[in-house]
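So the structure is just underneath, and the comments pick up after that.
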Amino acid sequence: MTSSSYEDGYEAPHDPVAESKRNSVEAVAGFLAAAALFVSLVALAYHPVPLAVAACLMALIASGMSVRHKTLCLAAVIVSAVCFVAGISIAIATGHQLW
């Protein structure tokens, strides 16, 4: 029966360079998710197709990058999808351009 290294009390050495890179990636992913939320809300009023598609792509990229901000990324993906449908519906109902 083998025991895991966690049970032996062995801890991996602390690597500050890897941790700073991970923190930088998490920060960029958080900003991408927040930007996706903003762009998707703008898409409700101004050219919904390109803006909502860009917001959805930004949200998906952020969700692939981040572990820490998974709730924010999930909200960004859901809001961008809802704003895509709502923006197209509003644009069609009011006769505005989709592009």
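Just so we're on the same page: first chain in the structure tokens is A, next is B, and so on; residues restart at 1 for each chain, and ligands are numbered from 1 in the order they show up.
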
Query raised in the report: Leaving out His47 (chain A) and any residue of its chain fewer than 5 positions from it, which residues lie within 8 Å of it when counting only C-alpha atoms, given as a PyMOL selection string?
Result: chain A and resi 97-99

Would you save the residues from that selection as a PDB file, in the first residue's frame, using C-alpha atoms?
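Dumped to selection02.pdb:
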ATOM      1  CA  GLN A  97     -29.640  47.879 -37.944  1.00  0.00           C
ATOM      2  CA  LEU A  98     -28.387  44.509 -36.770  1.00  0.00           C
ATOM      3  CA  TRP A  99     -24.873  45.141 -38.112  1.00  0.00           C
TER       4      TRP A  99
END

Report task. Give the alpha helix (DSSP H) residues of region 31-98 of chain A, as assigned by DSSP on the backbone, as JSON, numbers by chain. Result -> {"A": [31, 32, 33, 34, 35, 36, 37, 38, 39, 40, 41, 42, 48, 49, 50, 51, 52, 53, 54, 55, 56, 57, 58, 59, 60, 61, 62, 63, 64, 65, 70, 71, 72, 73, 74, 75, 76, 77, 78, 79, 80, 81, 82, 83, 84, 85, 86, 87, 88, 89, 90, 91, 92, 93, 94]}

**Report entry** Interatomic distance (Å, one decimal) between CA of Cys73 (chain A) and CA of Leu32 (chain A)
**Finding:**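 CA of Cys73 (chain A) sits 8.7 Å away from CA of Leu32 (chain A).
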
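Nearest residue to Met58 (chain A) among A:Ala27, A:Ala81, A:Ala43, A:Ala33 is A:Ala33, counting only C-alpha atoms.
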
**Report entry** Nearest-residue call for Val42 (chain A), choices A:Val79, A:Leu72, A:Val28, A:Leu60, using only C-alpha atoms
**Finding:** A:Val79

Query raised in the report: Could you state the separation of CA of Arg22 (chain A) and CA of Phe38 (chain A) in Å, given to one decimal place?
Result: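 Taking CA of Arg22 (chain A) as the start and CA of Phe38 (chain A) as the end point, the length is 24.5 Å.
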
Query raised in the report: What does the distance from CA of His69 (chain A) to CA of Leu37 (chain A) come to in Å, to one decimal?
Result: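 CA of Leu37 (chain A) lies at a distance of 13.5 Å from CA of His69 (chain A).
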
Requested in this report: Rank A:Ala59, A:Pro13, A:Val85, A:Gly95 by their smallest atom-to-atom distance to Thr71 (chain A), using only C-alpha atoms, and report the top residue only.
Outcome: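 The closest residue to Thr71 (chain A) is A:Ala59.
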
Requested in this report: Counting only C-alpha atoms, figure out which residue out of A:Ala86, A:Leu44, A:Ala29, A:Ala34 gets nearest to Ser63 (chain A).
Outcome: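 Looking only at the distances to Ser63 (chain A), the closest residue turns out to be A:Ala29.
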
**Report entry** Selection near Phe31 (chain A), 9 Å with only C-alpha atoms, sequence-local residues under 5 positions removed, as an MDAnalysis selection string
**Finding:** chainID A and resid 26 36 62

Would you write out those residues with N, CA and C atoms, as a compact mmCIF listing (two decimals), in the first residue's frame?
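Wrote it out as selection13.txt, contents follow:
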# COMPACT_ATOMS: atom_id res chain seq x y z
N GLU A 26 -5.09 35.29 -14.15
CA GLU A 26 -6.38 35.41 -13.48
C GLU A 26 -6.89 36.85 -13.56
N ALA A 36 -16.61 41.78 -21.15
CA ALA A 36 -17.66 41.07 -21.88
C ALA A 36 -19.04 41.45 -21.35
N ALA A 62 -12.33 34.14 -21.44
CA ALA A 62 -12.08 34.37 -20.01
C ALA A 62 -12.40 33.13 -19.18
